[in-house]
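Take a look at the structure below.
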Amino acid sequence: RRKRGRRRGCKKARQRKSQTKAFFLLEEVLRNEFGVSGFFNGTIMLAKFESKSSRVKGLAFHPHRPWILASLHNGHIQLWDYRVCTMIERFDEHDGPVRGVDFHRDQPLFVSGGDDYKVKVWNYKVKRCLFTLMGHLDYVRTTKFHHESPWILSASDDQTIRIWNWQARTCICVMTGHNHYVMCADFHPKEDLVVSGSLDQTIRVWDISGLRRKSYSPGSGVSAPSLLSNKLPTSPDLFGVTDAVVKHVLDGHDRGVNWVAFHPTLALIVSAADDRNVKLWRMNESKAWEVDTCRGHFNNVSCCLFHPREELILSNSEDKTIRVWDMTKRTCMATFRRETERFWVMSAHPTLNLFAAGHDGGMVVFKLERERPAYAVVGNSLFYVKDKQIRHCELGTSKDVVALTMRHLTNVRPCQLFSMSYNRMENAILVSSQPGKGDAFYELYAIPKSDPGSVEPRKASGHSATWVARNRFAVLHNGEIVIKNLKNETTKTIPAPSGTVSMYYAGTGQLLLNDGENVTLYDVQQKRSLASIRASKLRYVSWSSDMTHVALLSKHTVTICSKKLESLCTVHENVRIKSGCWDDSGVLVYNTSNHIKYSLTNGDHGIIRTLDVPIYLSAIKGSNVYCLDRQGKIRMLVVDVTEFKFKTALVNRKYDEVLRMVRTASLVGQAIIAYLQKKGYPEVALHFVKDPRTRLNLALECGNLEVALEAAKTLDDNNAWERLSGMALAQGNHQVVEMAYQRTKNFDRLAFLYLLTGNQEKLVKMQKIAEARKDTSGRFHYALYSGDVQERVRLLRSIGQVALAYMAAKSGGYDEEVANLEAEYPHLQNLPAAGEAVTPLPPVTSCPPTWPLLSVSKGLFATSITGASAVEAEDDGVAGGWEDDLDIDIDGDGFGDNPTGDLDAVDESGPGWDVGDDDLELPADLDVGIGATGGESTEGFYVPPAPGTSQSTVWTNNSRLPGDHACAGAFDSLFRLLHEQLGVVDFTPLKPVVMSLYAQARTAVLGLPNTPGMRGHPHRNWQEAGVKQGQPAYGLRIDHLASRVQTAYQMTTGGKFADAVVIFRSLLLSAALLSVDKRKDVEEVRQLISVCREYVLGLAMEVHRKELPKGTLEEQKRLCELAAYFTHFNLQPVHLILTLRTAQNLFYRLKNFKTASSFGRRLLELGPKPDVAQQARRVMAACDKTPTEAHQLRYDELNPFSVCGYSYVPIYRGKPQEKCPLCQAAYLPEHKGKVCTVCQVAEIGRDGSQSHLSH
């Protein structure tokens, strides 16, 4: 099977594999100098998802779900969710490459065809192949579903095109006519046509209306008029109507055709061929002809297609490019190039602006341009850009009108407008283009009051234009902040901080400046930075209505800060964050690609609803969310805001609102229950729960014995009864304890309970139960509890313990029993005299109903939910010993006219009582509640005082620094902060440092004998701390760490590398938990972390080098490379001299004299000792005689680089790399997700906020 062109890969291999750079240089010159080809409106490919795999030969988007199928050259089919970047399933029943794949529009099916000559139909719900269609005699190139009929179209190297009925699982039509491999075939989206392309250099259009008429039946669901509308002659020929006939044959390509496609609405065809051309064809009922040719590819064009909604053509090629062509001008508008991957296939989403391209190393899902419309919200007004118009919508009334027309934007698409800023006072709008995309510009519009016609704007270069005052706005241009007036005249120029890439509104006279890694609050008047926070890759900023909070929206992170950029919380998402806005209650509502979510300022967050398509939130009013879709249409979504309203009320302690929502709202789900438990409100969660197990847990947590008993009865298992008995015993309800012990058959505890309560009758019953169970030990204990000596004597005799029976009878005074035993056993008389009998003390009270001596009042929610006050609930249960104390005997006390004891019935208005309150003039608005004196709320029982707030809790509430939480002992929150801020995933190495901080943050003073010690919590801000503003004092300071650094330096000089690495790593972890107050100290700590990183990585690499073998030449070269890398670490001069000496000697032995001489020159620049310098000069002199390199090494001393902490290879500047968020050590991208080898605690490549050192 090696005939010419048998395999597509062999055919491609015989063609030209690479092109000279002259073609690409020519393309650059034409694009830049003459405008023949240019970037697509200044944009680049917007990649949404990429996968790494074998060569992708087939692609298909799901019409409704965010899925894409990729068929691979290794025989696998992958199903991906491109929205969350996750592979859902893999199918691998094909034997050989799979070249064609397609989703069914309605059914859970997809079809595939491969080099095993088979067409397979799969069901992705059951995750298996349903059946296989056999008939092709060679490779199957493409497979397609029909949009209406149950047909599958397949094209094959056997020079045929087949139509299959997948319901009947039979071939219903075979189309022959091509005389070479058929590379592609597809159905027309509306008409009964099929187009095919072949390596015979022709394109054929087939009419299959005969097949449609033949397949029509009265119950098929196809209307007869649609059949009669076909243009095929209705009169059959001599042999009957042909199922499929060739309607057009298009001949124009010089080489084989690889791909062909119909236009979705017009009578156009596009084709791609090995002659490197993309041709556009037009057809009608009688003929078809070539319209034009798009030239520009430098190798075989693999695939092409029409843009579903724009007048564009997309094509990809083996020249490693994707090109976008203007269908009307037939010119190249954009070129997207990959350096190493050849492109083979391309697909377009039927409804969304998404495309996918398959290449040698996987596939990429991308967009051609941004779809987010520029908009601005001020109060109830929404301004947005649509169709080169700025429109104004009043939220609430949905009144949408044109504010002005931007007719002058001839070469600018609306998607290029990135941001908008509205000035209510001047009724003016600033519109800016996207920063960093071509020539950035901004435009200033004055909105006309009456005529919304075309308005000539004031335009200039710059971006991120935003208002800073009533008549001033700021623009970022060439690294400067330019302040301009309404006439677009420059009034002030301020140098922007280094690296500033964008800026955002932050109130009057203030701006938020973004440098890609940090966000700075900048005061324009004072020309200084007020605050800064770590926020990597910031995209959008959203301020609350009262400007007290700001949300910084990054690609996958939401950071909520105060107006002074104090970090309040950080929320991480796995899906892209699209937009956000603030609710009136101070809750951030944001959305990802598939969800609308919320976040409170304390970090509590959740999901509000699911989205089918991405939207862009503009405002939320009550339960109505106003948003814009990608078509620029305003949509109003009704959402349920009960959950975050409830959490907000609970956090803000608005208990009236909480109670109202508890009674009226339908809050359900494990999330709200877990939240209430976490926040310490289990009695509220109890109101929503129906599951008995959960109700038991919540009732035990909040002390609700009645609900717990009910749940335990429903569950009726030993674990539930044991937990219930513990709580009931703590509350003193021995009746419930008795029931629980009886249900679990815990006889020992039950008997002891009867002993404590003085229930002699049931103790006797317990003895009988033990006798029936033949429990000798239990019988003896029960007899001991009840004081029954005779029973003990009888039991001891029955088990043969005669001596013990004799002693028990003698001590108990039972002389008759003693005499009987002595007569039967004479030797018992020799036993020593017995002591006094042990009898249990009689109980104070016998069998009390219950004895709760200390009652605890129910909480606010427990009493409010049930509708009864705490006093009423307690008074209803008063009985027993309390009744005698509460009854008042009034007979003979002088109040004898009230024999019922009702004090309220006594008439206090008699003539003897002249109280004198009739003529008091009191304010009408004075309202004194019944319980103002407090008597009603505490009468009859004691309410224990609520515990105060511990200093550890105060420390954690006042700080988000990991070191403060370590001092407080709040390890859960410490681990969470370390994970969020520094990406820590392994906390074990931090244990010594954390425990040391915890111990050092407390003091203890010994007390008097037999008294506990006095513990203290010293504060570092003791002068202004007060009761609730304290911050822990640190026993760890920068100067302490500096002294340990000197010790590590000495060990490094002495060659004790392993010990030095341990000390440096310990210093690194200690520095990460430091807390400092001055900016100078922050820089010192970061410098210390940098020093520790350099030494840990460098010394570890040196230890690794010394362990490597030296036998072969390759091993010696690797030793020299590692030594050379070590010379580029930031070390102390004395250590750098040692590394340079080592590298110079190794390179000299390897006969790389040129590099050895370079090491010598660097050594002399450090000023070494005379003998060292003399030796270096001697080596340099020997090297300069023959300045050659005997071996090629992976080392370029002139190109700056970092060393990978895993593989110890250089990562040169400009190459992709991942960093540790704690120590900033560099790694190759394939090590992303691993634990850093330098600090040994953080995850490589994880984003961190870096706000762990100072407030």
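Residue numbering restarts at 1 in every chain; chains get A, B, ... in the order shown in the structure tokens, and ligands count up from 1 in that same order.
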- prompt: What lies within 12 Å of Phe1129 in chain A using only C-alpha atoms, ignoring chain neighbours under 6 positions off, as a PyMOL selection string?
  reply: chain A and resi 1090-1099+1101-1102+1122-1123+1135-1137+1139-1140+1200-1203+1210+1225
Write the residues of the preceding selection, restricted to N, CA and C atoms, as a tab-separated table (two decimals), in the first residue's frame.
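Writing the result to again_11.tsv gives the following:
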chain	number	residue	atom	x	y	z
A	1090	SER	N	15.05	37.33	48.13
A	1090	SER	CA	15.80	37.16	46.89
A	1090	SER	C	17.17	36.54	47.15
A	1091	VAL	N	17.86	36.98	48.20
A	1091	VAL	CA	19.17	36.42	48.53
A	1091	VAL	C	19.04	34.93	48.87
A	1092	CYS	N	18.04	34.59	49.69
A	1092	CYS	CA	17.86	33.19	50.07
A	1092	CYS	C	17.54	32.33	48.84
A	1093	ARG	N	16.71	32.86	47.93
A	1093	ARG	CA	16.40	32.10	46.72
A	1093	ARG	C	17.65	31.83	45.89
A	1094	GLU	N	18.48	32.85	45.72
A	1094	GLU	CA	19.68	32.67	44.90
A	1094	GLU	C	20.61	31.63	45.51
A	1095	TYR	N	20.78	31.68	46.83
A	1095	TYR	CA	21.71	30.75	47.46
A	1095	TYR	C	21.13	29.34	47.52
A	1096	VAL	N	19.86	29.20	47.83
A	1096	VAL	CA	19.27	27.85	47.90
A	1096	VAL	C	19.35	27.18	46.54
A	1097	LEU	N	18.94	27.89	45.48
A	1097	LEU	CA	18.96	27.29	44.15
A	1097	LEU	C	20.38	27.04	43.67
A	1098	GLY	N	21.27	28.01	43.89
A	1098	GLY	CA	22.64	27.84	43.43
A	1098	GLY	C	23.37	26.73	44.15
A	1099	LEU	N	23.24	26.67	45.49
A	1099	LEU	CA	23.94	25.63	46.24
A	1099	LEU	C	23.35	24.26	45.96
A	1101	MET	N	22.04	23.34	43.15
A	1101	MET	CA	22.56	22.97	41.84
A	1101	MET	C	24.03	22.52	41.95
A	1102	GLU	N	24.80	23.16	42.81
A	1102	GLU	CA	26.20	22.77	42.98
A	1102	GLU	C	26.31	21.39	43.63
A	1122	LEU	N	26.64	23.34	34.31
A	1122	LEU	CA	26.13	23.68	35.65
A	1122	LEU	C	27.07	24.66	36.35
A	1123	ALA	N	28.37	24.45	36.20
A	1123	ALA	CA	29.32	25.38	36.82
A	1123	ALA	C	29.19	26.77	36.21
A	1135	HIS	N	31.98	34.44	47.35
A	1135	HIS	CA	31.42	33.19	46.81
A	1135	HIS	C	31.42	33.20	45.29
A	1136	LEU	N	31.19	34.37	44.70
A	1136	LEU	CA	31.22	34.46	43.24
A	1136	LEU	C	32.62	34.19	42.70
A	1137	ILE	N	33.64	34.59	43.46
A	1137	ILE	CA	35.02	34.31	43.06
A	1137	ILE	C	35.26	32.80	43.02
A	1139	THR	N	33.00	30.44	42.55
A	1139	THR	CA	32.28	29.83	41.42
A	1139	THR	C	33.00	30.09	40.11
A	1140	LEU	N	33.56	31.30	39.94
A	1140	LEU	CA	34.27	31.62	38.70
A	1140	LEU	C	35.56	30.81	38.58
A	1200	PRO	N	20.94	37.23	28.86
A	1200	PRO	CA	20.50	37.04	30.27
A	1200	PRO	C	19.53	35.87	30.38
A	1201	PHE	N	19.65	35.14	31.49
A	1201	PHE	CA	18.80	33.98	31.67
A	1201	PHE	C	18.58	33.72	33.15
A	1202	SER	N	17.54	32.92	33.42
A	1202	SER	CA	17.29	32.35	34.74
A	1202	SER	C	17.48	30.85	34.64
A	1203	VAL	N	17.70	30.21	35.78
A	1203	VAL	CA	17.92	28.76	35.80
A	1203	VAL	C	16.67	28.08	36.34
A	1210	PRO	N	18.98	26.68	31.40
A	1210	PRO	CA	18.73	28.12	31.33
A	1210	PRO	C	17.39	28.43	30.65
A	1225	ALA	N	11.24	31.98	42.16
A	1225	ALA	CA	12.14	31.14	41.39
A	1225	ALA	C	11.50	30.80	40.04
message: Quick one: residues within 9 Å of range 980-993 of chain A, only C-alpha atoms, excluding same-chain residues fewer than 4 positions away - as a PyMOL selection string?
response: chain A and resi 570-572+962+966+975-976+997-998+1066+1069-1070+1072-1073+1220-1223+1235+1239-1252
Would you put the residues from that selection into a file with N, CA and C atoms, as a short mmCIF file (atom, residue, chain, number, x, y, z; two decimals), in the first residue's frame?
data_model
loop_
_atom_site.label_atom_id
_atom_site.label_comp_id
_atom_site.auth_asym_id
_atom_site.auth_seq_id
_atom_site.Cartn_x
_atom_site.Cartn_y
_atom_site.Cartn_z
N THR A 570 -10.34 37.93 48.40
CA THR A 570 -9.96 37.53 47.05
C THR A 570 -10.71 36.26 46.70
N VAL A 571 -11.31 36.24 45.52
CA VAL A 571 -12.07 35.09 45.05
C VAL A 571 -11.40 34.59 43.77
N HIS A 572 -11.12 33.31 43.71
CA HIS A 572 -10.48 32.70 42.54
C HIS A 572 -11.52 31.89 41.77
N PRO A 962 -0.38 36.77 57.17
CA PRO A 962 -0.22 35.40 57.67
C PRO A 962 0.51 35.34 59.01
N ALA A 966 -0.60 33.41 62.44
CA ALA A 966 0.24 32.40 63.07
C ALA A 966 0.42 32.70 64.55
N PHE A 975 -3.56 29.05 56.90
CA PHE A 975 -3.34 28.25 55.69
C PHE A 975 -4.09 28.83 54.50
N ARG A 976 -5.29 29.36 54.75
CA ARG A 976 -6.05 29.95 53.65
C ARG A 976 -5.34 31.18 53.11
N LEU A 997 6.46 31.30 66.15
CA LEU A 997 5.72 32.57 66.24
C LEU A 997 4.59 32.47 67.25
N TYR A 998 3.90 31.34 67.25
CA TYR A 998 2.78 31.16 68.19
C TYR A 998 3.26 31.22 69.63
N SER A 1066 15.24 27.99 55.72
CA SER A 1066 14.54 28.39 56.94
C SER A 1066 14.37 29.90 57.01
N LEU A 1069 11.49 30.90 54.60
CA LEU A 1069 10.16 30.67 55.15
C LEU A 1069 9.85 31.62 56.29
N SER A 1070 10.85 31.95 57.09
CA SER A 1070 10.63 32.91 58.18
C SER A 1070 10.32 34.30 57.63
N ALA A 1072 8.87 34.99 54.89
CA ALA A 1072 7.52 35.01 54.32
C ALA A 1072 6.46 35.27 55.36
N LEU A 1073 6.76 34.98 56.65
CA LEU A 1073 5.78 35.19 57.71
C LEU A 1073 6.07 36.43 58.54
N CYS A 1220 7.54 30.78 40.99
CA CYS A 1220 6.98 30.47 42.31
C CYS A 1220 6.42 31.75 42.91
N PRO A 1221 5.17 31.77 43.39
CA PRO A 1221 4.62 33.01 43.94
C PRO A 1221 5.27 33.46 45.24
N LEU A 1222 6.00 32.58 45.93
CA LEU A 1222 6.61 32.96 47.20
C LEU A 1222 8.02 33.48 46.98
N CYS A 1223 8.89 32.67 46.39
CA CYS A 1223 10.29 33.04 46.26
C CYS A 1223 10.65 33.57 44.89
N VAL A 1235 5.40 21.50 43.13
CA VAL A 1235 5.84 22.25 44.31
C VAL A 1235 7.24 22.79 44.05
N CYS A 1239 11.62 26.86 47.87
CA CYS A 1239 10.94 27.05 49.16
C CYS A 1239 10.25 25.78 49.65
N GLN A 1240 9.94 24.83 48.74
CA GLN A 1240 9.33 23.54 49.06
C GLN A 1240 7.93 23.64 49.63
N VAL A 1241 7.27 24.79 49.44
CA VAL A 1241 5.91 24.93 49.98
C VAL A 1241 4.92 25.46 48.95
N ALA A 1242 5.34 26.25 47.98
CA ALA A 1242 4.43 26.95 47.07
C ALA A 1242 4.29 26.18 45.77
N GLU A 1243 3.14 26.43 45.09
CA GLU A 1243 2.84 25.80 43.81
C GLU A 1243 3.36 26.67 42.67
N ILE A 1244 4.10 26.07 41.77
CA ILE A 1244 4.70 26.80 40.66
C ILE A 1244 3.59 27.28 39.72
N GLY A 1245 3.68 28.55 39.32
CA GLY A 1245 2.75 29.10 38.35
C GLY A 1245 1.45 29.60 38.93
N ARG A 1246 1.27 29.52 40.22
CA ARG A 1246 0.02 29.97 40.83
C ARG A 1246 0.09 31.48 41.10
N ASP A 1247 -1.03 32.16 40.88
CA ASP A 1247 -1.08 33.60 41.14
C ASP A 1247 -1.18 33.83 42.64
N GLY A 1248 -0.51 34.85 43.10
CA GLY A 1248 -0.57 35.24 44.51
C GLY A 1248 -0.72 36.73 44.63
N SER A 1249 -1.29 37.19 45.75
CA SER A 1249 -1.52 38.62 45.93
C SER A 1249 -0.29 39.35 46.46
N GLN A 1250 0.68 38.61 47.08
CA GLN A 1250 1.92 39.21 47.56
C GLN A 1250 1.68 40.32 48.59
N SER A 1251 0.57 40.24 49.32
CA SER A 1251 0.29 41.27 50.35
C SER A 1251 0.50 40.68 51.73
N HIS A 1252 1.59 39.90 51.92
CA HIS A 1252 1.77 39.14 53.14
C HIS A 1252 2.73 39.81 54.12
#
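Ranking A:Ser347, A:Ser786, A:Thr1011, A:Asn602 by their shortest atom-to-atom distance to Lys765 in chain A, with only C-alpha atoms included, puts A:Ser786 first.
If you measure from each of A:Val575, A:Val246, A:Glu517, A:Lys367 to Thr86 in chain A using only C-alpha atoms, the closest one turns out to be A:Val575.
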- request: Tell me, as a ChimeraX atom specification, which residues lie within 10 Å of Arg282 in chain A, counting only C-alpha atoms; anything in the same chain fewer than 4 positions away does not count.
  value: /A:263,266-270,287-292
field: Residues within 12 Å of Val345 in chain A, only C-alpha atoms, excluding chain neighbours under 3 positions, as a PyMOL selection string
entry: chain A and resi 55-60+70-72+99-101+141-142+183-184+258-260+272+301-305+314-318+320-322+342+348+355-360+362-364
message: Please report the interatomic distance between CA of His1231 in chain A and CA of Glu1218 in chain A in Å with one decimal.
response: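 If I compute the distance from CA of His1231 in chain A to CA of Glu1218 in chain A, I get 7.8 Å.
Of the listed residues (A:Leu513, A:Cys967, A:Met766, A:Ala460), A:Ala460 comes nearest to Thr490 in chain A; the distances count only C-alpha atoms.
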- prompt: Out of range 24-221 of chain A, which residues get strand (DSSP E or B) from DSSP, as a PyMOL selection string?
  reply: chain A and resi 46-52+56-61+67-72+77-81+86-91+98-103+109-114+118-123+128-134+140-145+151-156+160-165+170-176+182-187+193-198+202-207
query: Which neighbours of Ser798 in chain A fall inside 12 Å, counting only C-alpha atoms, when residues of the same chain fewer than 6 positions from it are skipped, and could you give them as a ChimeraX atom specification?
result: /A:771,774,776,779-780,791-792,804-805
Written selection (all heavy atoms) as a PDB file, in the first residue's frame:
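Output contents, as saved in result.pdb:
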ATOM      1  N   GLU A 771     -29.328 -10.661  85.990  1.00  0.00           N
ATOM      2  CA  GLU A 771     -29.429 -12.093  86.293  1.00  0.00           C
ATOM      3  C   GLU A 771     -29.945 -12.858  85.077  1.00  0.00           C
ATOM      4  O   GLU A 771     -29.476 -13.963  84.770  1.00  0.00           O
ATOM      5  CB  GLU A 771     -30.351 -12.295  87.488  1.00  0.00           C
ATOM      6  CG  GLU A 771     -30.428 -13.740  87.959  1.00  0.00           C
ATOM      7  CD  GLU A 771     -31.289 -13.886  89.204  1.00  0.00           C
ATOM      8  OE1 GLU A 771     -31.809 -12.850  89.696  1.00  0.00           O
ATOM      9  OE2 GLU A 771     -31.454 -15.020  89.685  1.00  0.00           O
ATOM     10  N   LYS A 774     -27.272 -13.238  82.663  1.00  0.00           N
ATOM     11  CA  LYS A 774     -26.142 -13.977  83.216  1.00  0.00           C
ATOM     12  C   LYS A 774     -24.901 -13.109  83.252  1.00  0.00           C
ATOM     13  O   LYS A 774     -23.794 -13.540  82.940  1.00  0.00           O
ATOM     14  CB  LYS A 774     -25.885 -15.247  82.411  1.00  0.00           C
ATOM     15  CG  LYS A 774     -27.046 -16.231  82.450  1.00  0.00           C
ATOM     16  CD  LYS A 774     -26.732 -17.493  81.654  1.00  0.00           C
ATOM     17  CE  LYS A 774     -27.914 -18.460  81.712  1.00  0.00           C
ATOM     18  NZ  LYS A 774     -27.630 -19.718  80.960  1.00  0.00           N
ATOM     19  N   THR A 776     -22.651 -11.607  85.601  1.00  0.00           N
ATOM     20  CA  THR A 776     -22.254 -11.694  87.018  1.00  0.00           C
ATOM     21  C   THR A 776     -21.679 -10.373  87.500  1.00  0.00           C
ATOM     22  O   THR A 776     -22.024  -9.890  88.595  1.00  0.00           O
ATOM     23  CB  THR A 776     -21.215 -12.808  87.186  1.00  0.00           C
ATOM     24  OG1 THR A 776     -21.757 -14.033  86.677  1.00  0.00           O
ATOM     25  CG2 THR A 776     -20.857 -12.987  88.645  1.00  0.00           C
ATOM     26  N   ARG A 779     -24.452  -7.857  87.967  1.00  0.00           N
ATOM     27  CA  ARG A 779     -25.267  -8.125  89.165  1.00  0.00           C
ATOM     28  C   ARG A 779     -24.571  -7.614  90.410  1.00  0.00           C
ATOM     29  O   ARG A 779     -25.199  -7.035  91.295  1.00  0.00           O
ATOM     30  CB  ARG A 779     -25.528  -9.623  89.278  1.00  0.00           C
ATOM     31  CG  ARG A 779     -26.554 -10.167  88.303  1.00  0.00           C
ATOM     32  CD  ARG A 779     -26.685 -11.659  88.475  1.00  0.00           C
ATOM     33  NE  ARG A 779     -27.139 -11.991  89.820  1.00  0.00           N
ATOM     34  CZ  ARG A 779     -27.142 -13.229  90.321  1.00  0.00           C
ATOM     35  NH1 ARG A 779     -26.683 -14.234  89.560  1.00  0.00           N
ATOM     36  NH2 ARG A 779     -27.570 -13.457  91.551  1.00  0.00           N
ATOM     37  N   PHE A 780     -23.248  -7.850  90.508  1.00  0.00           N
ATOM     38  CA  PHE A 780     -22.521  -7.432  91.709  1.00  0.00           C
ATOM     39  C   PHE A 780     -22.516  -5.903  91.836  1.00  0.00           C
ATOM     40  O   PHE A 780     -22.718  -5.352  92.909  1.00  0.00           O
ATOM     41  CB  PHE A 780     -21.085  -7.959  91.639  1.00  0.00           C
ATOM     42  CG  PHE A 780     -20.287  -7.648  92.870  1.00  0.00           C
ATOM     43  CD1 PHE A 780     -20.410  -8.429  94.014  1.00  0.00           C
ATOM     44  CD2 PHE A 780     -19.409  -6.572  92.899  1.00  0.00           C
ATOM     45  CE1 PHE A 780     -19.684  -8.139  95.158  1.00  0.00           C
ATOM     46  CE2 PHE A 780     -18.687  -6.281  94.031  1.00  0.00           C
ATOM     47  CZ  PHE A 780     -18.812  -7.063  95.165  1.00  0.00           C
ATOM     48  N   GLU A 791     -27.911  -9.939  98.427  1.00  0.00           N
ATOM     49  CA  GLU A 791     -27.736 -10.278  97.025  1.00  0.00           C
ATOM     50  C   GLU A 791     -26.266 -10.469  96.696  1.00  0.00           C
ATOM     51  O   GLU A 791     -25.887 -11.372  95.952  1.00  0.00           O
ATOM     52  CB  GLU A 791     -28.342  -9.188  96.156  1.00  0.00           C
ATOM     53  CG  GLU A 791     -28.148  -9.389  94.659  1.00  0.00           C
ATOM     54  CD  GLU A 791     -28.868 -10.626  94.152  1.00  0.00           C
ATOM     55  OE1 GLU A 791     -29.811 -11.106  94.829  1.00  0.00           O
ATOM     56  OE2 GLU A 791     -28.493 -11.129  93.070  1.00  0.00           O
ATOM     57  N   ARG A 792     -25.377  -9.661  97.276  1.00  0.00           N
ATOM     58  CA  ARG A 792     -23.949  -9.800  97.029  1.00  0.00           C
ATOM     59  C   ARG A 792     -23.426 -11.112  97.596  1.00  0.00           C
ATOM     60  O   ARG A 792     -22.633 -11.802  96.958  1.00  0.00           O
ATOM     61  CB  ARG A 792     -23.184  -8.621  97.631  1.00  0.00           C
ATOM     62  CG  ARG A 792     -23.496  -7.283  96.987  1.00  0.00           C
ATOM     63  CD  ARG A 792     -22.351  -6.302  97.151  1.00  0.00           C
ATOM     64  NE  ARG A 792     -22.042  -6.018  98.543  1.00  0.00           N
ATOM     65  CZ  ARG A 792     -22.620  -5.054  99.264  1.00  0.00           C
ATOM     66  NH1 ARG A 792     -23.544  -4.288  98.703  1.00  0.00           N
ATOM     67  NH2 ARG A 792     -22.272  -4.852 100.512  1.00  0.00           N
ATOM     68  N   LEU A 804     -15.015 -14.333  99.961  1.00  0.00           N
ATOM     69  CA  LEU A 804     -15.561 -12.987  99.787  1.00  0.00           C
ATOM     70  C   LEU A 804     -17.007 -12.925 100.274  1.00  0.00           C
ATOM     71  O   LEU A 804     -17.440 -11.904 100.832  1.00  0.00           O
ATOM     72  CB  LEU A 804     -15.495 -12.589  98.298  1.00  0.00           C
ATOM     73  CG  LEU A 804     -14.089 -12.377  97.722  1.00  0.00           C
ATOM     74  CD1 LEU A 804     -14.180 -12.044  96.246  1.00  0.00           C
ATOM     75  CD2 LEU A 804     -13.360 -11.271  98.467  1.00  0.00           C
ATOM     76  N   ALA A 805     -17.773 -14.008 100.056  1.00  0.00           N
ATOM     77  CA  ALA A 805     -19.139 -14.029 100.567  1.00  0.00           C
ATOM     78  C   ALA A 805     -19.159 -13.978 102.086  1.00  0.00           C
ATOM     79  O   ALA A 805     -20.003 -13.295 102.698  1.00  0.00           O
ATOM     80  CB  ALA A 805     -19.857 -15.276 100.060  1.00  0.00           C
TER      81      ALA A 805
END
query: In Å, how far is it from CA of Ser950 in chain A to CA of Ala1004 in chain A?
result: 16.0 Å
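Around His64 in chain A, within 9 Å and counting only C-alpha atoms, the residues found are Arg105, Asp106, Thr351 and Asp612 of chain A, once anything fewer than 4 positions away on its own chain is removed.
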Polymer residues at most 12 Å from Val613 in chain A, only C-alpha atoms, same-chain spacing of 5 or more positions, as a ChimeraX atom specification: /A:64-66,83,351-353,578,591-596,627-631
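With CA of Gln1031 in chain A on one side and CA of His965 in chain A on the other, the separation reads 9.9 Å.
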- prompt: Given the choices A:Ala619, A:Ala783, A:Ala730, A:Cys581, which gets closest to Asn380 in chain A if the distance is worked out from only C-alpha atoms?
  reply: A:Ala619
message: Which residue is closest to Gly580 in chain A? Choose from A:Arg391, A:Phe646, A:Leu568, A:Ile615 and count only C-alpha atoms.
response: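 Using only C-alpha atoms, Gly580 in chain A sits closest to A:Ile615.
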query: With only C-alpha atoms as the basis for distance, which of A:Thr202, A:Ser579, A:Gln829, A:Gln1116 is at the shortest distance from Tyr616 in chain A?
result: A:Ser579
